[in-house]
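What follows is a set of notes on a single structure, which appears directly below.
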Amino acid sequence: MLPESSTGCSFEDCQDTADWLLSQTAVRPLVGIVCGSGLGGLADVLKDQEAFNYKDIPNFPQSTVHGHAGRLVFGTFKDRTCVCMQGRFHLYEGYPVQKITMPMRLFKLLGVETVILTNAAGGLNQDYEVGDIMIIKDHLNIPGFAGNNPLVGPNDERFGVRFPCMSDAYDRELQQLALDVGSELGYSDFLREGVYCVLGGPSFETIAECRMLNKLGADAVGMSTAHEVIVARHCGMRVFALSLITNKVVSDYNSEKKANHEEVLQTGKQRAEQMERLVSTIITRIGHNNNLA
Ligand SMILES: O=P(O)(O)O[C@H]1O[C@H](CO)[C@@H](O)[C@H]1O
Ligand SMILES: Nc1nc2[nH]cnc2c(=O)[nH]1
């Protein structure tokens, strides 16, 4: 494990990055958004945009995955100020888990109160269809079982406590709000609630792994989000997350289907409009200081 000071994720490193960004933009974001694979179009619907390429931001990692543009976009939905990651980082890119979650600490230091994350995920639940949108109510952090938790290492109390609670990781009021908004928009037929399981990737799952994960209680599987959620909750931000079911996992030895990233991006394109409308409507209903409008 690398000490925090050498990964560029210490409080001081994050503060330097926040100070640099706050000196470049007048936007003071209350909502932070992370876009999943193929779902970066959400950032494009922000008004009065100010965008920064990750490569120009001090201490910031670089996006290496197709479907993750690598831009931090500030702007507004109605009068709600937002900062949006158009591209996230994953364990399989080779970054330490502390580095891929560093943007959550940056969000906190920028003044963000609520974090909304999206991801592309494989459907494990037999009832799920491609194109379903799953409100994440809980997660299984499998890399964490092996000690790869983003909070491993010295704890900096300026961010949060040594042993943070995770039974309330996903905000229940925001889940209910999403169900209500989904119903108003006519999305109930493809809106689900379930458990997301993160694996390290980059290989997709074997059939035996899919069967095991489903038995463990996971409804969808991916390679992101849970680490970010842990760090966001550690520093006291409210969290809401959505999985777009971009493919059904292969859990039958007679199936000829093969998981692939192109299908993931393709489904993202097909559901982009509904994902954007759902998220932007939820944001317009989040009031200041975390109250619902
Ligand atoms: O979780 P996001 O970033 O949406 O991406 C998902 O899609 C990619 C696989 O196609 C993996 O990176 C997986 O985690
Ligand atoms: N691990 C994993 N990640 C995904 N991201 C999108 N689909 C999948 C999947 O089937 N498995």
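We name chains A, B, ... following the order of the structure tokens; residues begin at 1 in each chain, and ligands are numbered from 1 as shown.
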Surrounding residues as a ChimeraX atom specification, ligand 1, max 10 Å, only C-alpha atoms and all ligand atoms:
/A:34-40,65-68,87-93,117-122,198-204,221-226,242-247,259-265,268
Those same residues, written as a short mmCIF file (atom, residue, chain, number, x, y, z; two decimals), in the first residue's frame with N, CA and C atoms?
data_model
loop_
_atom_site.label_atom_id
_atom_site.label_comp_id
_atom_site.auth_asym_id
_atom_site.auth_seq_id
_atom_site.Cartn_x
_atom_site.Cartn_y
_atom_site.Cartn_z
N VAL A 34 -21.08 11.74 -11.26
CA VAL A 34 -20.07 10.90 -11.91
C VAL A 34 -20.79 10.12 -13.01
N CYS A 35 -20.28 10.25 -14.24
CA CYS A 35 -20.93 9.59 -15.38
C CYS A 35 -20.28 8.24 -15.66
N GLY A 36 -21.11 7.22 -15.83
CA GLY A 36 -20.62 5.89 -16.14
C GLY A 36 -20.26 5.72 -17.61
N SER A 37 -19.80 4.51 -17.95
CA SER A 37 -19.40 4.20 -19.33
C SER A 37 -20.52 4.52 -20.32
N GLY A 38 -20.20 5.36 -21.29
CA GLY A 38 -21.17 5.70 -22.32
C GLY A 38 -22.27 6.63 -21.85
N LEU A 39 -22.17 7.15 -20.62
CA LEU A 39 -23.25 7.97 -20.07
C LEU A 39 -22.81 9.42 -19.85
N GLY A 40 -21.71 9.79 -20.50
CA GLY A 40 -21.13 11.12 -20.31
C GLY A 40 -21.97 12.25 -20.88
N VAL A 65 -10.21 4.85 -20.52
CA VAL A 65 -11.19 3.89 -21.03
C VAL A 65 -12.08 4.54 -22.08
N HIS A 66 -12.31 3.81 -23.18
CA HIS A 66 -13.22 4.29 -24.23
C HIS A 66 -14.62 4.49 -23.62
N GLY A 67 -15.22 5.66 -23.91
CA GLY A 67 -16.54 5.95 -23.31
C GLY A 67 -16.43 6.83 -22.08
N HIS A 68 -15.18 7.23 -21.71
CA HIS A 68 -14.96 8.13 -20.57
C HIS A 68 -14.11 9.30 -21.07
N GLY A 87 -16.33 10.93 -17.20
CA GLY A 87 -15.27 9.93 -17.18
C GLY A 87 -14.80 9.69 -15.76
N ARG A 88 -14.77 8.42 -15.37
CA ARG A 88 -14.30 8.05 -14.03
C ARG A 88 -13.10 7.11 -14.14
N PHE A 89 -12.58 6.73 -13.00
CA PHE A 89 -11.39 5.87 -12.95
C PHE A 89 -11.75 4.53 -12.31
N HIS A 90 -11.03 3.51 -12.75
CA HIS A 90 -11.34 2.14 -12.31
C HIS A 90 -10.08 1.47 -11.80
N LEU A 91 -10.25 0.48 -10.93
CA LEU A 91 -9.10 -0.28 -10.41
C LEU A 91 -8.27 -0.88 -11.54
N TYR A 92 -8.98 -1.41 -12.57
CA TYR A 92 -8.25 -2.15 -13.61
C TYR A 92 -7.38 -1.24 -14.47
N GLU A 93 -7.54 0.09 -14.34
CA GLU A 93 -6.65 1.00 -15.09
C GLU A 93 -5.26 1.04 -14.44
N LEU A 117 -24.10 9.20 -8.74
CA LEU A 117 -23.21 8.39 -9.59
C LEU A 117 -24.03 7.55 -10.54
N THR A 118 -23.53 7.39 -11.76
CA THR A 118 -24.16 6.45 -12.68
C THR A 118 -23.10 5.44 -13.12
N ASN A 119 -23.57 4.26 -13.51
CA ASN A 119 -22.65 3.29 -14.08
C ASN A 119 -23.38 2.39 -15.06
N ALA A 120 -22.59 1.70 -15.85
CA ALA A 120 -23.09 0.65 -16.73
C ALA A 120 -22.83 -0.66 -16.00
N ALA A 121 -23.80 -1.55 -15.99
CA ALA A 121 -23.62 -2.79 -15.23
C ALA A 121 -24.28 -3.95 -15.94
N GLY A 122 -23.80 -5.15 -15.63
CA GLY A 122 -24.40 -6.37 -16.17
C GLY A 122 -25.52 -6.83 -15.25
N VAL A 198 -19.40 -4.72 -6.99
CA VAL A 198 -18.21 -4.28 -7.72
C VAL A 198 -17.16 -5.39 -7.69
N LEU A 199 -16.56 -5.62 -8.86
CA LEU A 199 -15.39 -6.50 -9.00
C LEU A 199 -14.25 -5.65 -9.55
N GLY A 200 -13.06 -6.21 -9.53
CA GLY A 200 -11.89 -5.44 -9.99
C GLY A 200 -11.82 -5.30 -11.51
N GLY A 201 -12.35 -6.27 -12.26
CA GLY A 201 -12.20 -6.23 -13.71
C GLY A 201 -10.73 -6.37 -14.08
N PRO A 202 -10.35 -6.13 -15.32
CA PRO A 202 -11.19 -5.77 -16.46
C PRO A 202 -11.86 -6.97 -17.15
N SER A 203 -11.50 -8.20 -16.78
CA SER A 203 -12.20 -9.31 -17.45
C SER A 203 -13.64 -9.33 -16.96
N PHE A 204 -14.55 -9.67 -17.87
CA PHE A 204 -15.94 -9.88 -17.47
C PHE A 204 -16.01 -11.20 -16.70
N VAL A 221 -23.77 -6.28 -11.71
CA VAL A 221 -22.32 -6.34 -11.45
C VAL A 221 -21.59 -5.35 -12.35
N GLY A 222 -20.58 -4.70 -11.77
CA GLY A 222 -19.78 -3.75 -12.53
C GLY A 222 -18.39 -3.64 -11.93
N MET A 223 -17.67 -2.58 -12.34
CA MET A 223 -16.27 -2.42 -11.92
C MET A 223 -16.02 -1.04 -11.34
N SER A 224 -17.04 -0.44 -10.74
CA SER A 224 -16.85 0.94 -10.25
C SER A 224 -17.81 1.24 -9.10
N THR A 225 -17.98 2.51 -8.84
CA THR A 225 -19.03 3.10 -7.98
C THR A 225 -18.88 2.83 -6.48
N ALA A 226 -18.79 1.54 -6.08
CA ALA A 226 -18.80 1.26 -4.64
C ALA A 226 -17.63 1.95 -3.92
N LEU A 242 -27.21 5.15 -9.68
CA LEU A 242 -28.02 4.41 -10.66
C LEU A 242 -27.13 3.52 -11.50
N SER A 243 -27.60 2.29 -11.75
CA SER A 243 -26.93 1.42 -12.74
C SER A 243 -27.83 1.33 -13.97
N LEU A 244 -27.23 1.51 -15.13
CA LEU A 244 -27.96 1.17 -16.35
C LEU A 244 -27.58 -0.28 -16.68
N ILE A 245 -28.57 -1.14 -16.80
CA ILE A 245 -28.31 -2.55 -17.14
C ILE A 245 -28.04 -2.59 -18.64
N THR A 246 -26.76 -2.65 -18.98
CA THR A 246 -26.38 -2.55 -20.40
C THR A 246 -26.33 -3.92 -21.08
N ASN A 247 -26.31 -4.96 -20.28
CA ASN A 247 -26.23 -6.33 -20.83
C ASN A 247 -26.70 -7.28 -19.74
N ALA A 259 -20.16 -11.21 -23.21
CA ALA A 259 -20.15 -9.81 -22.75
C ALA A 259 -19.08 -9.04 -23.51
N ASN A 260 -19.39 -7.79 -23.85
CA ASN A 260 -18.38 -6.96 -24.53
C ASN A 260 -18.67 -5.48 -24.31
N HIS A 261 -17.62 -4.67 -24.35
CA HIS A 261 -17.73 -3.25 -24.02
C HIS A 261 -18.55 -2.48 -25.08
N GLU A 262 -18.53 -2.96 -26.33
CA GLU A 262 -19.29 -2.26 -27.39
C GLU A 262 -20.78 -2.31 -27.08
N GLU A 263 -21.26 -3.47 -26.60
CA GLU A 263 -22.68 -3.57 -26.25
C GLU A 263 -23.01 -2.62 -25.09
N VAL A 264 -22.07 -2.53 -24.15
CA VAL A 264 -22.25 -1.64 -23.00
C VAL A 264 -22.44 -0.19 -23.49
N LEU A 265 -21.56 0.25 -24.38
CA LEU A 265 -21.64 1.63 -24.87
C LEU A 265 -22.90 1.84 -25.71
N GLY A 268 -25.86 2.26 -23.55
CA GLY A 268 -25.75 3.59 -22.95
C GLY A 268 -26.34 4.65 -23.87
#
Test item, strand (DSSP E) assignment across segment 190-284 of chain A, answer as a PyMOL selection string
chain A and resi 191-198+220-222+238-248
If you run DSSP on the backbone, which residues of segment 99-252 of chain A are alpha helix (DSSP H), as number ranges by chain?
A: 99-100, 102-110, 142-145, 172-185, 207-215, 226-234
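Going from atom CA of Ile100 of chain A over to atom CA of Pro61 of chain A, you cover 7.4 Å.
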Shell of 12 Å around Val115 of chain A, only C-alpha atoms, local chain residues under 4 positions omitted, as JSON, numbers by chain
{"A": [29, 30, 31, 32, 33, 34, 35, 82, 83, 84, 85, 103, 104, 105, 106, 107, 108, 111, 169, 170, 171, 174, 225, 228, 229, 230, 231, 232, 233, 235, 236, 237, 238, 239, 240, 241, 242, 279, 282, 283, 286, 290]}
Counting only C-alpha atoms and all ligand atoms, the option among A:Ile135, A:Val130, A:Met275, A:Val181 closest to ligand 2
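When distances to ligand 2 are compared using only C-alpha atoms and all ligand atoms, the smallest one comes from A:Val130.
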When you draw a straight line from atom CA of Leu22 of chain A to atom CA of Val152 of chain A, how long is it in Å?
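Interatomic distance here is 28.7 Å.
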Just the number, please: distance in Å from atom 1 (N, counted along the ligand's line) of ligand 2 to atom CA of Glu205 of chain A, one decimal.
6.1 Å
Excluding same-chain residues fewer than 3 positions from segment 44-50 of chain A, what lies within 8 Å of it counting only C-alpha atoms, as number ranges by chain?
A: 25, 40-41, 73-78, 276
With distances taken over only C-alpha atoms, which of A:Cys165, A:Glu129, A:Leu278, A:Gln98 is nearest to Leu177 of chain A?
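The answer is A:Leu278, which sits nearest to Leu177 of chain A.
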For ligand 2, which of A:Gln62, A:Ser251, A:Ser183, A:Asn149 is the closest residue, counting only C-alpha atoms and all ligand atoms?
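Selected residue with least distance to ligand 2: A:Ser251.
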Between A:Glu157, A:Val250, A:His139, A:Thr281, which one has atoms that come closest to Asp180 of chain A, using only C-alpha atoms?
A:Thr281
My list of candidates is A:Pro96, A:Gly217, A:Gly287, A:Gly131. Which is closest to Cys9 of chain A when distances are computed with only C-alpha atoms?
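So, comparing all the options, the nearest one is A:Pro96.
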Env of segment 193-195 of chain A: 10 Å cut, atoms = only C-alpha atoms, seq-sep filter 5 positions within chain, self excluded. Answer as a list in words.
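So the residues in contact are Leu124, Asn125, Ile133, Met134, Ile135, Ile136, Lys137, Asp138, His139, Leu140, Gln175, Leu179, Asn214, Gly217, Ala218, Asp219, Ala220, Val221, Leu242 and Ser243 of chain A.
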I need the residues from that last selection saved to file as a PDB file, in the first residue's frame (with C-alpha atoms), if you can.
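Output contents, as saved in again_18.pdb:
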ATOM      1  CA  LEU A 124     -27.491 -10.678 -12.686  1.00  0.00           C
ATOM      2  CA  ASN A 125     -31.130 -10.653 -11.591  1.00  0.00           C
ATOM      3  CA  ILE A 133     -32.347   1.464 -14.807  1.00  0.00           C
ATOM      4  CA  MET A 134     -31.554   0.196 -11.317  1.00  0.00           C
ATOM      5  CA  ILE A 135     -31.648   2.498  -8.302  1.00  0.00           C
ATOM      6  CA  ILE A 136     -28.793   1.187  -6.160  1.00  0.00           C
ATOM      7  CA  LYS A 137     -29.974   0.493  -2.624  1.00  0.00           C
ATOM      8  CA  ASP A 138     -26.818  -1.264  -1.408  1.00  0.00           C
ATOM      9  CA  HIS A 139     -23.555  -2.751  -2.615  1.00  0.00           C
ATOM     10  CA  LEU A 140     -21.180  -5.688  -2.275  1.00  0.00           C
ATOM     11  CA  GLN A 175     -34.175   6.633  -3.674  1.00  0.00           C
ATOM     12  CA  LEU A 179     -39.042   6.350  -7.767  1.00  0.00           C
ATOM     13  CA  ASN A 214     -26.470 -13.796  -7.794  1.00  0.00           C
ATOM     14  CA  GLY A 217     -27.679 -11.227  -3.314  1.00  0.00           C
ATOM     15  CA  ALA A 218     -26.321  -9.015  -6.097  1.00  0.00           C
ATOM     16  CA  ASP A 219     -28.682  -7.819  -8.835  1.00  0.00           C
ATOM     17  CA  ALA A 220     -26.091  -6.140 -11.038  1.00  0.00           C
ATOM     18  CA  VAL A 221     -22.324  -6.340 -11.450  1.00  0.00           C
ATOM     19  CA  LEU A 242     -28.022   4.413 -10.657  1.00  0.00           C
ATOM     20  CA  SER A 243     -26.930   1.416 -12.743  1.00  0.00           C
TER      21      SER A 243
END
